[in-house]
Every structure is written in structure tokens, then in C-alpha cells.
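J.: Here it is, the structure in full.
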Amino acid sequence: MDLPLPDTLATWREAPRVRAFNDRPVRASGDYVLCWLQQALRARDNPVIDAAIRLGNALGLPVLVYHGLREDYPFASDRLHRFILGGSRDVALGCARRGLACVQYVDRAAKREKGLVYRLAVQAAAVVLEDQPAFVAQWQAERVAAKAQCAVFAVNAACVVPPAALEQGVKTTSAFRRRHERMREDWYVWVEEEPTVAPYAGLLPYEPDRWGKATDADLDAVVAECAIDHALPPSAMFPPTRDEVLRRLARLTAEVLPAYAAARNDASRSEGASALSPYMHFGLVGPREIVAAVNAADAPADSRAKFIDELLSWREWFHYRARGMRVPESFERTPEWARRTLDAHAADPRPDVEPLAALVHGETRDETWNACQRQYLIDGWMHNNLRMYWVKALIRMTPDPRTGWATACYLNDRLSLDGRDPSTYGNLGWGFGEAAPGYRNLPIYGTVATRTDRSIRERPGGPEWLRNAAARPGPRLRVPEAPPADPYLTGRLPI
Ligand SMILES: Cc1cc2nc3c(=O)[nH]c(=O)nc-3n(C[C@H](O)[C@H](O)[C@H](O)COP(=O)(O)OP(=O)(O)OC[C@H]3O[C@@H](n4cnc5c(N)ncnc54)[C@H](O)[C@@H]3O)c2cc1C
């Protein structure tokens with residue numbers, strides 16, 4: 001049942017982004033509106049912050065922006081922690097520029113705080129948080145909504161067109177694309193809310209971290225203090241800063257877009273892709289800002305259209321789909337026919353099965369697959385065209401379909417900066433049959449379509465590129481005997 005929104009949110013032009021997440025009242029006695037950022041780590045073009053400002057202005061209360069980082073989320077590592085903290089630092093700087101108080105927290109032995117969101121919510125008139133349809137952000141938001149004594153509102157910050165604004169129950173990508181295309185231009189424009197109340201400077205239930213003035217060395221040092229996986233280093237390819245986002249947007253318009261339609265599928269061409277997905281997953285940039293850059297670019301229409309289709313039709317389709325699923329991370333999301341055909345072939349001989357450690361480190365008997373996997377292992381990102389071969393091959397390299405799915409989630413989510421996303425599970429679903437069945441009934445795959453590495457290998461310079469890519473030295477990681485199965489795929493963490 002849809003709960004009513006307060007007038008100030010219900011009359012907002014962005015209202016379809018917002019839903020009441022519990023039935024508690026907005027408390028007029030609160031000290032602030034708490035804006036809890038989990039993944040949308042940007043201070044501008046952020047509907048979560050703007051909804052909080054709107055509510056705060058109506059109540060005559062300031063907004064308190066909070067971002068916390070725990071040690072115990074699945075796959076916590078230097079790679080993920082450092083990227084998130086880089087984003088958090090820019091949130092603090094951006095909030096200061098907008099006249100908003102921002103407090104932060106990193107969970108570590110020297111500074112242990114329990115239940116901070118709840119404790120901050122005790123003083124709040126209302127909590128505004130993110131409406132994320134997958135993984136930790138979703139589980140945590142649901143817990144807070146259930147436990148908080150004040151109103152909790154969830155706001156979609158990930159999409160240009162909020163999924164709730166679209167007709168519900170759309171079943172195919174083409175039907176979704178048609179509807180999305182009709183609406184998207186209405187959502188390109190963004191009118192920022194201005195705070196009318198001075199930044200919150202009152203009491204807090206803890207001594208906050210404040211990363212706005214932290215140097216890179218400060219952030220490295222705090223990451224080193226955390227009890228997380230230190231064997232997986234930060235990615236040199238993805239510096240987590242606003243400056244880097246701006247650099248990439250400039251590169252997108254100058255180098256990537258002009259060639260995108262032709263070069264997108266060639267992993268050996270660095271200008272073939274924007275490499276923006278980690279920044280979007282952690283919200284260092286919102287899709288609207290990217291669309292604005294694309295629309296202003298002097299690039300061929302087919303390239304622009306192709307890029308916009310990936311960014312808006314495909315990405316937002318997966319967000320839309322995940323919103324309609326209880327557990328978008330689960331193998332059960334795949335179509336019934338695909339599970340049936342894969343299960344029917346589960347006992348087929350699998351000569352290509354590899355140990356999990358060989359998969360993690362890209363040390364299998366398949367050179368192409370190793371070249372793909374080393375991008376995840378070393379860069380924390382993989383080129384789209386390689387991901388397609390990677391996921392299809394995993395089906396034959398693992399003992400059965402469910403282990404294959406769990407392994408794909410594990411490798412993607414542990415190593416890739418853009419993992420743990422609705423696009424992760426949507427695209428893995430594609431690999432496991434969330435598309436039309438193939439024509440042939442093959443061993444292991446049944447009627448799920450397969451993919452060879454021919455198009456990668458047969459490009460000019462392909463064999464040499466693959467040889468080099470598969471030989472890149474990567475970190476040595478501790479690897480469990482088997483990938484985690486459902487505890488994390490359906491897990492619920494404490495906050
Ligand atoms: C097996 C598999 C796993 C994947 N896992 C992820 C994942 O964990 N996280 C993730 O964000 N994407 C994932 N993708 C989608 C896609 O590969 C990446 O979004 C893309 O490679 C990111 O690189 P880029 O930013 O250079 O993309 P570009 O080609 O520059 O595209 C621009 C943006 O469009 C969006 N986009 C492009 N292709 C897709 C797509 N197929 N689906 C959804 N959005 C798309 C992304 O947000 C991307 O940043 C996966 C694809 C496959 C086949």
C-alpha cells in the first residue's frame with residue numbers, strides 16, 4: 001500500500017522519486033531532518049539531499065547529512081572502502097558549499113559506535129534515505145524504516161526517470177524502452193533546492209569523523225585501520241574524486257562519443273567506453289549530469305543514441321526490474337525455462353570446471369577468460385564485451401548452474417567497483433538466459449545461448465592483446481572453497 005507523503009514532498013515535481021517507507025509521523029520536535037547517504041555520494045544533483053532540504057525548509061529545520069562506512073558489509077576491502085571514502089570526502093566538501101552540515105563515520109577498532117543511524121534518528125524530525133533496490137543499501141534502509149520512531153522517506157537517486165513514474169508491470173526491454181523514451185526528456189531538467197535554515201551545529205550523539213579536509217594519505221591511513229580485506233588494493237584506474245568524474249565527462253564528449261557506435265565492442269580500444277560505471281554505482285555522478293554532457297557533445301547522432309540507450313534504456317531497465325523483485329540477487333530471477341533447461345543439463349560432463357581460486361586469479365586454462373577476469377582482479381572493472389564472454393563461459397567452468405550463478409555474483413561483487421548493482425544481477429541474468437532461448441539444445445547450456453571468444457580473438461591484434469591482458473600480474477587473494485551462496489544473496493545485515 002502506498003502511504004501518503006507530506007504536502008511538501010507530494011507537491012514536488014520530483015515526487016515520484018519519493019515513497020514513505022514507514023507509517024510513523026514527521027516529528028515537529030526534531031532537531032534536524034536526517035539525510036542518510038548510502039550510495040549516492042554526491043552533494044549536487046542528488047534528489048535524496050534535495051528531498052531532505054525541501055522537508056527541512058518546510059519544517060524550519062536544518063538538514064544533517066550523514067555518511068557512515070562499516071567494516072562488515074560483504075566483501076569489504078581496501079578497494080571498496082577507499083573508493084567509498086573518496087566519494088564521501090567530496091560529499092563533505094560539497095555539503096559545506098551548499099550550507100549543509102555533514103557528519104561521517106568509519107567503523108574501526110579505535111572508534112567503535114553502535115547503531116549510529118538509529119541514534120541520529122532519535123533527534124530527527126524525519127529520515128530521508130536512498131531507495132536502492134539491491135544489496136546492502138536496500139537491506140539497511142528496510143531495517144531503519146522498521147525501527148525508527150519517526151517518518152522515513154526513501155528517494156530514488158540512481159535513475160533519470162524514477163521507476164515509480166513509469167507504468168508498472170512492463171515485461172520486455174523493448175516495451176520499457178518505448179515508455180522510457182517518451183518520458184525521459186521531462187526528467188532531464190533539475191531544479192536544485194536551496195536550504196533556508198542555517199547548517200545544524202547542535203549536539204550529536206557521537207564525535208563525528210569529518211573527511212572534507214582529509215588528504216589521500218589520511219584516507220589511506222583510516223582504511224588501513226579497518227578490519228577488512230587488505231589484500232585487494234584500491235584500483236589505480238579509478239581515482240574516487242569529483243575531479244576525476246569531470247575529467248571522464250570531458251573525455252566522454254571529446255574521445256569516447258565520436259567513436260562509440262563503432263568502438264564500443266572493442267576492449268582493446270581505451271576510447272571505446274566511458275568507464276563511468278563505478279562512479280555511477282557509488283553515485284559520485286548522477287545519470288542526469290552524464291546525459292547533459294552527451295546532449296551538449298559534438299558527436300555523431302548514432303553514437304550519442306547508442307550511448308544514451310545503454311545509459312538510460314538498459315541501466316534503468318535493470319533498476320526498474322530489480323524494484324519489482326524481492327531478491328534481485330537471486331538465481332531465481334532467471335526465467336523458469338532457463339532454470340529448467342540448465343537444471344536438465346546439470347549432470348552433463350563438465351571438462352572445463354576450474355577451482356574457485358583459479359577463477360578469482362584469472363589462472364584457468366582459458367586465456368580469453370583470464371584476460372577478462374584480470375580486469376576485475378586488477379582494475380576493479382571489466383569491458384562490457386568481455387563481460388559477455390566471461391559470464392557465458394562461467395556456466396561451463398563451474399560444477400552446476402546454481403554454483404555458476406553464485407560464482408558470477410561473488411567474482412563480480414567482490415572485485416568490481418560497479419558490482420552489487422541492479423545492473424550486475426540484470427546482466428548476469430542475461431548470461432543465464434534472461435533473453436530469448438537459443439535455437440539448439442547443447443550440453444551444459446541446454447537452450448541458453450552460448451558465446452564464443454571468436455569476435456575478441458579474431459580482431460586485428462586480438463591474440464597479442466589477449467596474451468598480454470591474461471598475463472598482467474594481479475594481487476593474491478584469500479579465496480573460500482566455494483562462493484557464498486544465499487546467506488549473502490538474500491542476507492540481511494544489521495545496520
Ligand atoms: C556479465 C555482465 C556483468 C555486468 N555487471 C555490471 C555491474 O556489476 N555493474 C554495472 O554497472 N554494469 C554491469 N554490466 C553492464 C556493462 O558491462 C557495464 O555497465 C559497462 O561495461 C560499464 O562500463 P562503461 O561505464 O565504460 O560503459 P559505457 O559503454 O561507457 O556505457 C555507459 C554507461 O551505460 C550503462 N551501461 C552500459 N552497458 C550496460 C548494460 N549492459 N547494462 C546496464 N547498464 C549499462 C552503464 O551505466 C555505463 O557506465 C555487466 C554486463 C555484463 C554482460
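Convention: chains lettered A, B, ... in C-alpha cells order; per-chain residue numbering from 1; ligands numbered from 1 as shown.
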Hey, what's within 7 Å of stretch 366-369 of chain A if we count only C-alpha atoms and toss same-chain stuff fewer than 3 positions away? As a PyMOL selection string, please?
T.: chain A and resi 372-373+390+453+466+470
J.: Could you save the residues just selected, with C-alpha atoms, as a short mmCIF file (atom, residue, chain, number, x, y, z; two decimals), in the first residue's frame?
T.:
data_model
loop_
_atom_site.label_atom_id
_atom_site.label_comp_id
_atom_site.auth_asym_id
_atom_site.auth_seq_id
_atom_site.Cartn_x
_atom_site.Cartn_y
_atom_site.Cartn_z
CA CYS A 372 38.66 -10.80 -18.82
CA GLN A 373 38.99 -11.81 -15.19
CA TRP A 390 33.10 -14.06 -19.16
CA ASP A 453 35.53 -15.68 -27.94
CA LEU A 466 44.72 -11.27 -25.11
CA ALA A 470 45.93 -12.54 -19.47
#
J.: Return as a ChimeraX atom specification the full set of residues in stretch 151-270 of chain A whose backbone-based DSSP assignment is helix (DSSP H, G or I).
T.: /A:163-165,173-187,216-225,242-263,270
J.: Would you give me, as number ranges by chain, the residues in stretch 21-257 of chain A that DSSP reads as strand (DSSP E or B)?
T.: A: 32-36, 63-69, 77, 101-106, 108, 111, 124-130, 151-155, 209, 229
J.: Name all residues at most 12 Å from stretch 310-314 of chain A (count only C-alpha atoms; drop same-chain ones fewer than 2 positions away) and give them as a PyMOL selection string.
T.: chain A and resi 158-163+172-185+187-188+260-261+264+273-277+280+286-291+294+303-308+316-321+384+422-424+426-427+430
J.: Hey, which of A:Ile444, A:Ile395, A:Val479, A:Met388 ends up closest to ligand 1? Count only C-alpha atoms and all ligand atoms.
T.: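 Selected residue with least distance to ligand 1: A:Met388.
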J.: Here is a test: counting only C-alpha atoms and all ligand atoms, which residue of A:Ala148, A:Ala110, A:Ala296, A:Val285 is nearest to ligand 1?
T.: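 Closest to ligand 1, using only C-alpha atoms and all ligand atoms: A:Val285.
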J.: What gap, in Å, lies between atom CA of A:Ala165 and atom CA of A:Pro16?
T.: 5.5 Å
J.: May I have the residues within 6 Å of A:Val128 as a list in words, using only C-alpha atoms and disregarding those fewer than 6 positions away in the same chain?
T.: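 Those residues are Cys35, Ala52, Val152, Phe153 and Ala154 of chain A.
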J.: Just the selected residues (N, CA, C and O atoms), exported as a PDB file, in the first residue's frame, please.
T.:
ATOM      1  N   CYS A  35      19.530  13.175   6.675  1.00  0.00           N
ATOM      2  CA  CYS A  35      19.666  12.704   5.292  1.00  0.00           C
ATOM      3  C   CYS A  35      20.784  11.669   5.288  1.00  0.00           C
ATOM      4  O   CYS A  35      21.961  12.018   5.398  1.00  0.00           O
ATOM      5  N   ALA A  52      15.400  16.073   1.387  1.00  0.00           N
ATOM      6  CA  ALA A  52      15.613  16.418   2.802  1.00  0.00           C
ATOM      7  C   ALA A  52      15.565  17.935   2.990  1.00  0.00           C
ATOM      8  O   ALA A  52      14.975  18.437   3.959  1.00  0.00           O
ATOM      9  N   VAL A 152      10.211   7.833   7.800  1.00  0.00           N
ATOM     10  CA  VAL A 152      11.361   7.556   6.931  1.00  0.00           C
ATOM     11  C   VAL A 152      10.873   7.632   5.477  1.00  0.00           C
ATOM     12  O   VAL A 152       9.866   7.004   5.123  1.00  0.00           O
ATOM     13  N   PHE A 153      11.583   8.413   4.676  1.00  0.00           N
ATOM     14  CA  PHE A 153      11.243   8.544   3.256  1.00  0.00           C
ATOM     15  C   PHE A 153      12.404   8.028   2.420  1.00  0.00           C
ATOM     16  O   PHE A 153      13.566   8.327   2.708  1.00  0.00           O
ATOM     17  N   ALA A 154      12.075   7.242   1.404  1.00  0.00           N
ATOM     18  CA  ALA A 154      13.116   6.702   0.518  1.00  0.00           C
ATOM     19  C   ALA A 154      13.022   7.405  -0.823  1.00  0.00           C
ATOM     20  O   ALA A 154      11.923   7.582  -1.367  1.00  0.00           O
TER      21      ALA A 154
END
J.: Please list as an mmCIF file with all heavy atoms, in the first residue's frame every residue within 9 Å of A:Tyr376, counting only C-alpha atoms and excluding residues in the same chain fewer than 3 positions away.
T.:
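As written to disk, part_36.cif reads:
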data_model
loop_
_atom_site.group_PDB
_atom_site.id
_atom_site.type_symbol
_atom_site.label_atom_id
_atom_site.label_comp_id
_atom_site.auth_asym_id
_atom_site.auth_seq_id
_atom_site.Cartn_x
_atom_site.Cartn_y
_atom_site.Cartn_z
ATOM 1 N N VAL A 360 39.227 -16.790 -9.514
ATOM 2 C CA VAL A 360 39.469 -15.471 -8.906
ATOM 3 C C VAL A 360 40.720 -14.829 -9.499
ATOM 4 O O VAL A 360 40.718 -13.640 -9.838
ATOM 5 C CB VAL A 360 39.623 -15.612 -7.371
ATOM 6 C CG1 VAL A 360 40.204 -14.344 -6.763
ATOM 7 C CG2 VAL A 360 38.282 -15.938 -6.734
ATOM 8 N N CYS A 372 39.852 -11.492 -19.348
ATOM 9 C CA CYS A 372 38.662 -10.803 -18.822
ATOM 10 C C CYS A 372 38.784 -10.661 -17.300
ATOM 11 O O CYS A 372 38.666 -9.562 -16.742
ATOM 12 C CB CYS A 372 37.398 -11.607 -19.117
ATOM 13 S SG CYS A 372 37.083 -11.978 -20.837
ATOM 14 N N GLN A 373 39.011 -11.777 -16.659
ATOM 15 C CA GLN A 373 38.986 -11.808 -15.190
ATOM 16 C C GLN A 373 40.054 -10.902 -14.584
ATOM 17 O O GLN A 373 39.856 -10.288 -13.541
ATOM 18 C CB GLN A 373 39.154 -13.260 -14.716
ATOM 19 C CG GLN A 373 39.271 -13.434 -13.211
ATOM 20 C CD GLN A 373 38.030 -12.965 -12.448
ATOM 21 O OE1 GLN A 373 36.960 -12.796 -13.027
ATOM 22 N NE2 GLN A 373 38.190 -12.745 -11.152
ATOM 23 N N ASP A 379 41.847 -4.119 -12.130
ATOM 24 C CA ASP A 379 41.266 -2.782 -12.334
ATOM 25 C C ASP A 379 40.004 -2.537 -11.518
ATOM 26 O O ASP A 379 39.608 -1.396 -11.306
ATOM 27 C CB ASP A 379 40.903 -2.580 -13.815
ATOM 28 C CG ASP A 379 42.111 -2.763 -14.721
ATOM 29 O OD1 ASP A 379 43.229 -2.412 -14.292
ATOM 30 O OD2 ASP A 379 41.944 -3.260 -15.855
ATOM 31 N N GLY A 380 39.325 -3.625 -11.129
ATOM 32 C CA GLY A 380 38.031 -3.443 -10.461
ATOM 33 C C GLY A 380 36.951 -3.024 -11.439
ATOM 34 O O GLY A 380 35.987 -2.355 -11.073
ATOM 35 N N TRP A 381 37.045 -3.455 -12.674
ATOM 36 C CA TRP A 381 36.104 -3.095 -13.746
ATOM 37 C C TRP A 381 36.419 -3.997 -14.934
ATOM 38 O O TRP A 381 37.557 -4.425 -15.086
ATOM 39 C CB TRP A 381 36.338 -1.624 -14.128
ATOM 40 C CG TRP A 381 35.535 -1.112 -15.286
ATOM 41 C CD1 TRP A 381 34.285 -0.569 -15.227
ATOM 42 C CD2 TRP A 381 35.926 -1.061 -16.672
ATOM 43 N NE1 TRP A 381 33.885 -0.187 -16.491
ATOM 44 C CE2 TRP A 381 34.873 -0.478 -17.387
ATOM 45 C CE3 TRP A 381 37.077 -1.465 -17.366
ATOM 46 C CZ2 TRP A 381 34.918 -0.286 -18.770
ATOM 47 C CZ3 TRP A 381 37.113 -1.271 -18.740
ATOM 48 C CH2 TRP A 381 36.042 -0.677 -19.421
ATOM 49 N N MET A 382 35.417 -4.286 -15.747
ATOM 50 C CA MET A 382 35.688 -5.060 -16.966
ATOM 51 C C MET A 382 34.922 -4.445 -18.130
ATOM 52 O O MET A 382 33.799 -3.964 -17.959
ATOM 53 C CB MET A 382 35.243 -6.524 -16.784
ATOM 54 C CG MET A 382 35.802 -7.477 -17.841
ATOM 55 S SD MET A 382 34.961 -9.089 -17.850
ATOM 56 C CE MET A 382 35.326 -9.718 -16.231
ATOM 57 N N LEU A 411 32.419 -13.152 -7.874
ATOM 58 C CA LEU A 411 33.546 -12.506 -8.575
ATOM 59 C C LEU A 411 33.206 -11.066 -8.908
ATOM 60 O O LEU A 411 34.011 -10.148 -8.710
ATOM 61 C CB LEU A 411 33.879 -13.280 -9.862
ATOM 62 C CG LEU A 411 34.360 -14.719 -9.675
ATOM 63 C CD1 LEU A 411 34.524 -15.395 -11.033
ATOM 64 C CD2 LEU A 411 35.669 -14.768 -8.898
ATOM 65 N N ASN A 412 32.014 -10.855 -9.415
ATOM 66 C CA ASN A 412 31.589 -9.505 -9.812
ATOM 67 C C ASN A 412 31.510 -8.590 -8.585
ATOM 68 O O ASN A 412 32.037 -7.479 -8.557
ATOM 69 C CB ASN A 412 30.206 -9.621 -10.478
ATOM 70 C CG ASN A 412 29.889 -8.491 -11.441
ATOM 71 O OD1 ASN A 412 29.490 -8.742 -12.577
ATOM 72 N ND2 ASN A 412 30.040 -7.266 -11.007
ATOM 73 N N LEU A 415 35.037 -8.056 -6.575
ATOM 74 C CA LEU A 415 36.156 -7.406 -7.247
ATOM 75 C C LEU A 415 35.793 -6.133 -7.996
ATOM 76 O O LEU A 415 36.612 -5.212 -8.092
ATOM 77 C CB LEU A 415 36.799 -8.392 -8.231
ATOM 78 C CG LEU A 415 37.284 -9.707 -7.610
ATOM 79 C CD1 LEU A 415 37.752 -10.650 -8.709
ATOM 80 C CD2 LEU A 415 38.405 -9.452 -6.611
ATOM 81 N N SER A 416 34.593 -6.083 -8.546
ATOM 82 C CA SER A 416 34.286 -4.968 -9.451
ATOM 83 C C SER A 416 33.703 -3.793 -8.668
ATOM 84 O O SER A 416 32.793 -3.957 -7.865
ATOM 85 C CB SER A 416 33.279 -5.419 -10.515
ATOM 86 O OG SER A 416 33.120 -4.383 -11.461
ATOM 87 N N LEU A 417 34.231 -2.610 -8.958
ATOM 88 C CA LEU A 417 33.722 -1.422 -8.261
ATOM 89 C C LEU A 417 32.250 -1.169 -8.585
ATOM 90 O O LEU A 417 31.539 -0.588 -7.776
ATOM 91 C CB LEU A 417 34.566 -0.196 -8.646
ATOM 92 C CG LEU A 417 35.934 -0.116 -7.963
ATOM 93 C CD1 LEU A 417 36.832 0.887 -8.685
ATOM 94 C CD2 LEU A 417 35.800 0.252 -6.490
#
J.: Set the distance at 9 Å and use only C-alpha atoms: which residues neighbour A:Pro300 once local chain neighbours fewer than 6 positions away are removed? I'd like the list as a PDB file with C-alpha atoms, in the first residue's frame.
T.:
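The resulting file, result-v7.pdb, is reproduced below:
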ATOM      1  CA  LEU A 257      31.295   9.545 -28.055  1.00  0.00           C
ATOM      2  CA  PRO A 258      32.744  10.303 -31.502  1.00  0.00           C
ATOM      3  CA  ALA A 259      33.671   6.635 -31.886  1.00  0.00           C
ATOM      4  CA  ALA A 261      28.919   3.225 -32.068  1.00  0.00           C
TER       5      ALA A 261
END
